[in-house]
Amino acid sequence: MEFPFDVDVLLPERITVLDQHLRPPARRPGTTTPARVDLQQQIMTIVDELGKASAKAQHLPAPITSASRMQSNRHVMYVLKDTSARPAGKGAIIGFLKVGYKKLFVLDDREAHNEVEPLCILDFYIHESLQRHGHGQELFQYMLQKERVEPHQLAIDRPSQKLLKFLNKHYNLETTVPQVNNFVIFEGFFAHQHRPPAPSLRATRHTGAAVIDPAPSAPVRKLPPKRAEGDIKPYSSSDREFLKVAMEPPWPLNRAPRRATPPVHPPPRSSSLGNSPERGPLRPFVPEQELLRSLRLCPPHSTARLLLSTDPGGSPTQRRRTSSLPRSDESRC
């Protein structure tokens with residue numbers, strides 16, 4: 001695949017590694033950059049055109065590889081360049097391979113769910129005119145060495161029949177583990193622990209250097225430290241007293257009138273306006289005979305005496321009898 005600009009100057013190495021920044025790789029010593037040339041824009045053009053060609057070859061409705069997708073995801077793209085002489089002298093691109101780490105839920109042989117983060121094959125394309133020339137195996141093998149993974153540790157997103165035959169032919173990957181998503185994994189996938197890319201590899205991806213760092217040990221997932229259990233405190237008396245206190249009910253139950261204990265000697269109530277007079281205890285029942293006897297012995301009221309004294313029909317004997325009562329009987333009533 002050819003482009004209107006010089007690919008040999010833009011991509012000096014045969015296989016160039018591009019990350020989400022899409023920066024041009026380091027220049028060769030002694031080479032000069034043409035004036036007023038946006039190298040990053042040229043790299044974005046290469047990525048977009050390769051994505052369109054891959055989607056057309058796989059009969060996809062839209063490209064899954066583009067410059068905007070590369071910038072918004074932490075994917076890595078390996079671009080293979082044709083170093084043979086061209087009539088135009090600008091070089092050409094043979095194909096590319098895009099990979100990236102993804103968190104997946106996959107099923108194992110016992111149909112148990114496992115949360116893993118393997119390296120995934122996201123897009124793979126070799127130009128139709130250059131297929132079956134060993135370019136695909138060269139590009140794939142370079143990626144395995146650069147990422148330090150084995151072929152059976154990979155997860156492939158929607159692989160085509162050509163890709164499945166390619167993996168079976170060159171890496172003997174045939175038996176797959178059935179999944180409920182669009183990813184395909186092969187037997188032996190769970191034999192090794194998956195790990196994210198090393199920081200040293202991330203730092204050297206944009207340089208396009210072919211130096212392979214020594215494989216570091218797999219990072220161990222650190223668990224949060226366990227809190228030390230303190231001494232069990234005894235059930236103190238203050239806690240017991242606190243539990244005895246009755247909790248106040250919530251509103252509006254706490255607005256209900258409460259019955260107070262009546263005092264032993266209630267205060268006398270005023271008979272002023274707005275207060276009803278306090279009723280005393282009822283007197284015991286008095287028989288009729290005793291009531292009549294008390295009425296006979298009780299002297300008349302002063303007003304009644306005045307009426308009797310002025311009453312012409314009053315008997316002198318009656319007046320005499322009334323007045324002759326002793327003073328002690330008067331005071332008794």
# chains A, B, ... in the order shown; residues from 1 in each chain; ligands from 1

$ residues_around --residues "Ile156 in chain A" --least-positions-apart "3" --cutoff "10 Å" --atoms "only C-alpha atoms" --output "PyMOL selection string"
chain A and resi 99+118-123+153+159-160+163-164+182-186

$ write_last_selection --atoms "C-alpha atoms" --output "short mmCIF file (atom, residue, chain, number, x, y, z; two decimals), in the first residue's frame"
data_model
loop_
_atom_site.label_atom_id
_atom_site.label_comp_id
_atom_site.auth_asym_id
_atom_site.auth_seq_id
_atom_site.Cartn_x
_atom_site.Cartn_y
_atom_site.Cartn_z
CA VAL A 99 -2.96 -5.49 20.09
CA PRO A 118 -4.85 -10.88 28.63
CA LEU A 119 -3.19 -9.41 25.60
CA CYS A 120 -5.78 -9.38 22.80
CA ILE A 121 -5.39 -9.47 19.02
CA LEU A 122 -7.69 -6.67 17.89
CA ASP A 123 -6.90 -6.30 14.19
CA GLN A 153 -1.96 -16.79 26.11
CA PRO A 159 -11.02 -13.88 14.34
CA SER A 160 -11.61 -14.59 10.66
CA LEU A 163 -6.54 -15.92 11.01
CA LEU A 164 -7.65 -19.19 12.62
CA ASN A 182 -16.76 -12.50 20.78
CA PHE A 183 -13.28 -13.46 21.97
CA VAL A 184 -11.63 -16.77 21.17
CA ILE A 185 -9.10 -18.43 23.46
CA PHE A 186 -7.24 -21.68 22.95
#

$ select_by_dssp --residues "range 128-186 of chain A" --states "strand (DSSP E or B)" --output "ChimeraX atom specification"
/A:155-157,176-177,183-186

$ write_last_selection --atoms "N, CA and C atoms" --output "PDB file, in the first residue's frame"
ATOM      1  N   ALA A 155      -5.859 -13.675  23.446  1.00  0.00           N
ATOM      2  CA  ALA A 155      -7.297 -13.714  23.190  1.00  0.00           C
ATOM      3  C   ALA A 155      -7.548 -12.946  21.905  1.00  0.00           C
ATOM      4  N   ILE A 156      -8.292 -13.551  20.969  1.00  0.00           N
ATOM      5  CA  ILE A 156      -8.492 -12.960  19.644  1.00  0.00           C
ATOM      6  C   ILE A 156      -9.924 -12.460  19.545  1.00  0.00           C
ATOM      7  N   ASP A 157     -10.070 -11.223  19.129  1.00  0.00           N
ATOM      8  CA  ASP A 157     -11.387 -10.599  18.987  1.00  0.00           C
ATOM      9  C   ASP A 157     -11.922 -10.858  17.584  1.00  0.00           C
ATOM     10  N   THR A 176     -10.184 -24.798  20.811  1.00  0.00           N
ATOM     11  CA  THR A 176     -10.635 -23.568  21.450  1.00  0.00           C
ATOM     12  C   THR A 176     -11.504 -23.891  22.660  1.00  0.00           C
ATOM     13  N   VAL A 177     -11.579 -22.936  23.564  1.00  0.00           N
ATOM     14  CA  VAL A 177     -12.454 -23.033  24.740  1.00  0.00           C
ATOM     15  C   VAL A 177     -13.697 -22.196  24.451  1.00  0.00           C
ATOM     16  N   PHE A 183     -14.705 -13.125  21.919  1.00  0.00           N
ATOM     17  CA  PHE A 183     -13.280 -13.457  21.974  1.00  0.00           C
ATOM     18  C   PHE A 183     -13.089 -14.970  21.914  1.00  0.00           C
ATOM     19  N   VAL A 184     -11.986 -15.353  21.315  1.00  0.00           N
ATOM     20  CA  VAL A 184     -11.630 -16.765  21.166  1.00  0.00           C
ATOM     21  C   VAL A 184     -10.324 -16.998  21.904  1.00  0.00           C
ATOM     22  N   ILE A 185     -10.318 -18.017  22.769  1.00  0.00           N
ATOM     23  CA  ILE A 185      -9.101 -18.430  23.464  1.00  0.00           C
ATOM     24  C   ILE A 185      -8.859 -19.907  23.160  1.00  0.00           C
ATOM     25  N   PHE A 186      -7.620 -20.320  23.298  1.00  0.00           N
ATOM     26  CA  PHE A 186      -7.237 -21.680  22.949  1.00  0.00           C
ATOM     27  C   PHE A 186      -6.866 -22.469  24.206  1.00  0.00           C
TER      28      PHE A 186
END

$ closest_residue --among "A:Leu167, A:Ile126, A:Val116, A:Val47" --to "Lys102 in chain A" --atoms "only C-alpha atoms"
A:Val116

$ atom_distance --atom1 "CA of Lys81 in chain A" --atom2 "CA of Tyr125 in chain A"
12.7 Å

$ atom_distance --atom1 "CA of Thr83 in chain A" --atom2 "CA of Ile64 in chain A"
26.9 Å

$ residues_around --residues "range 39-46 of chain A" --least-positions-apart "2" --cutoff "12 Å" --atoms "only C-alpha atoms" --output "ChimeraX atom specification"
/A:1-7,9-11,16-27,33-37,48-53,65-71,77,79-81,92-96
